[in-house]
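Participant: Below: one structure in structure tokens.
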Amino acid sequence: RPRLWERLEERALGVLIWWNALREPPRTSRLARVMRSSMWEATSALAILINTCVMTWTVDVQMHITSSPSEFPLWVDAVETFFTMFFTFEVVLQLSVHRLYFFCNEMMSWNMFDGFLVGLAFLEMTGASESNATFMRSL
């Protein structure tokens, strides 16, 4: 029995060493250049900033509206849907540029975090989530 654990440990260590040694080849496509451009980075940063402001305002308004949810502005759903689509588009573009290296390049932690947040936003948008994920997305 201990021999089995030693083999599993060896195999797992081998996979981790292989994973850590993976290096993404340079990406030179037009899409890769656009995604690396300062204009795209500024657009993404601005979207994050505006989305954070809208979510903060939304949470504040939700805390003060206790009597009737119908008092909540209808445009907020449209804005949240827009940002969910924008960030989904960004993740899809990143996947298109990096392919499977999306999960093992220098930015893999941020990439997976972004994917997780987009998934949460979809759960919230479709109503599949019982809890409000806006707080988690605001992190």
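Going through the structure tokens in order, the chains are called A, B, and so on, while each chain numbers its residues from 1 and the ligands are numbered from 1 in the order shown.
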Find the residues around Thr58 of chain A up to 10 Å (only C-alpha atoms counted), leave out those fewer than 5 positions away in its own chain, and share them as a list in words.
Facilitator: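 Contacts, with the query itself left out: Thr52, Cys53, Met63, Phe72, Pro73, Val76, Glu80 and Thr134 of chain A.
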Participant: Those selected residues, please, written with N, CA, C and O atoms and delivered as an mmCIF file, in the first residue's frame.
Facilitator:
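Okay, this is what ended up in selection-v1.cif:
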data_model
loop_
_atom_site.group_PDB
_atom_site.id
_atom_site.type_symbol
_atom_site.label_atom_id
_atom_site.label_comp_id
_atom_site.auth_asym_id
_atom_site.auth_seq_id
_atom_site.Cartn_x
_atom_site.Cartn_y
_atom_site.Cartn_z
ATOM 1 N N THR A 52 -17.134 48.488 -11.234
ATOM 2 C CA THR A 52 -16.994 48.535 -9.774
ATOM 3 C C THR A 52 -17.859 49.647 -9.179
ATOM 4 O O THR A 52 -18.543 49.435 -8.161
ATOM 5 N N CYS A 53 -17.860 50.803 -9.818
ATOM 6 C CA CYS A 53 -18.695 51.912 -9.333
ATOM 7 C C CYS A 53 -20.179 51.550 -9.401
ATOM 8 O O CYS A 53 -20.933 51.804 -8.450
ATOM 9 N N MET A 63 -29.447 48.013 -0.345
ATOM 10 C CA MET A 63 -29.504 48.028 1.114
ATOM 11 C C MET A 63 -30.549 49.016 1.623
ATOM 12 O O MET A 63 -31.138 48.809 2.675
ATOM 13 N N PHE A 72 -36.310 49.567 -7.574
ATOM 14 C CA PHE A 72 -34.959 49.462 -8.110
ATOM 15 C C PHE A 72 -34.945 49.854 -9.590
ATOM 16 O O PHE A 72 -35.783 49.396 -10.360
ATOM 17 N N PRO A 73 -34.021 50.719 -10.005
ATOM 18 C CA PRO A 73 -33.981 51.167 -11.403
ATOM 19 C C PRO A 73 -33.800 50.003 -12.385
ATOM 20 O O PRO A 73 -32.967 49.123 -12.177
ATOM 21 N N VAL A 76 -30.309 49.142 -14.432
ATOM 22 C CA VAL A 76 -29.176 48.473 -13.791
ATOM 23 C C VAL A 76 -28.970 47.071 -14.376
ATOM 24 O O VAL A 76 -27.836 46.658 -14.617
ATOM 25 N N GLU A 80 -25.517 45.737 -16.049
ATOM 26 C CA GLU A 80 -24.845 44.517 -15.572
ATOM 27 C C GLU A 80 -24.700 43.490 -16.695
ATOM 28 O O GLU A 80 -23.674 42.822 -16.810
ATOM 29 N N THR A 134 -22.940 39.442 -6.708
ATOM 30 C CA THR A 134 -22.381 40.775 -6.962
ATOM 31 C C THR A 134 -21.264 41.083 -5.991
ATOM 32 O O THR A 134 -20.233 41.628 -6.387
#
Participant: Can you tell me which residues surround segment 88-95 of chain A at a distance of at most 10 Å, considering only C-alpha atoms, apart from same-chain residues fewer than 3 positions away, and format the answer as a list in words?
Facilitator: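 Here the answer would be Leu31, Ala32, Met35, Trp40, Ser44, Phe82, Phe83, Thr84, Met85, His98, Arg99, Leu100, Tyr101, Phe102, Phe103, Asn111, Met112, Asp114, Gly115, Leu117, Val118, Gly119, Ala121 and Phe122 of chain A.
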Participant: Mind pulling up the distance from atom CA of Gln62 of chain A to atom CA of Ala45 of chain A?
Facilitator: 25.5 Å
Participant: List every residue of chain A that DSSP, applied to the backbone of this structure, assigns to alpha helix (DSSP H), and report them as an NGL selection string.
Facilitator: :A and (2-21 or 30-36 or 38-64 or 75-98 or 108-126 or 134-138)
Participant: Just the number, please: distance in Å from atom CA of Thr56 of chain A to atom CA of Val79 of chain A, one decimal.
Facilitator: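 Going from atom CA of Thr56 of chain A over to atom CA of Val79 of chain A, I get 13.1 Å.
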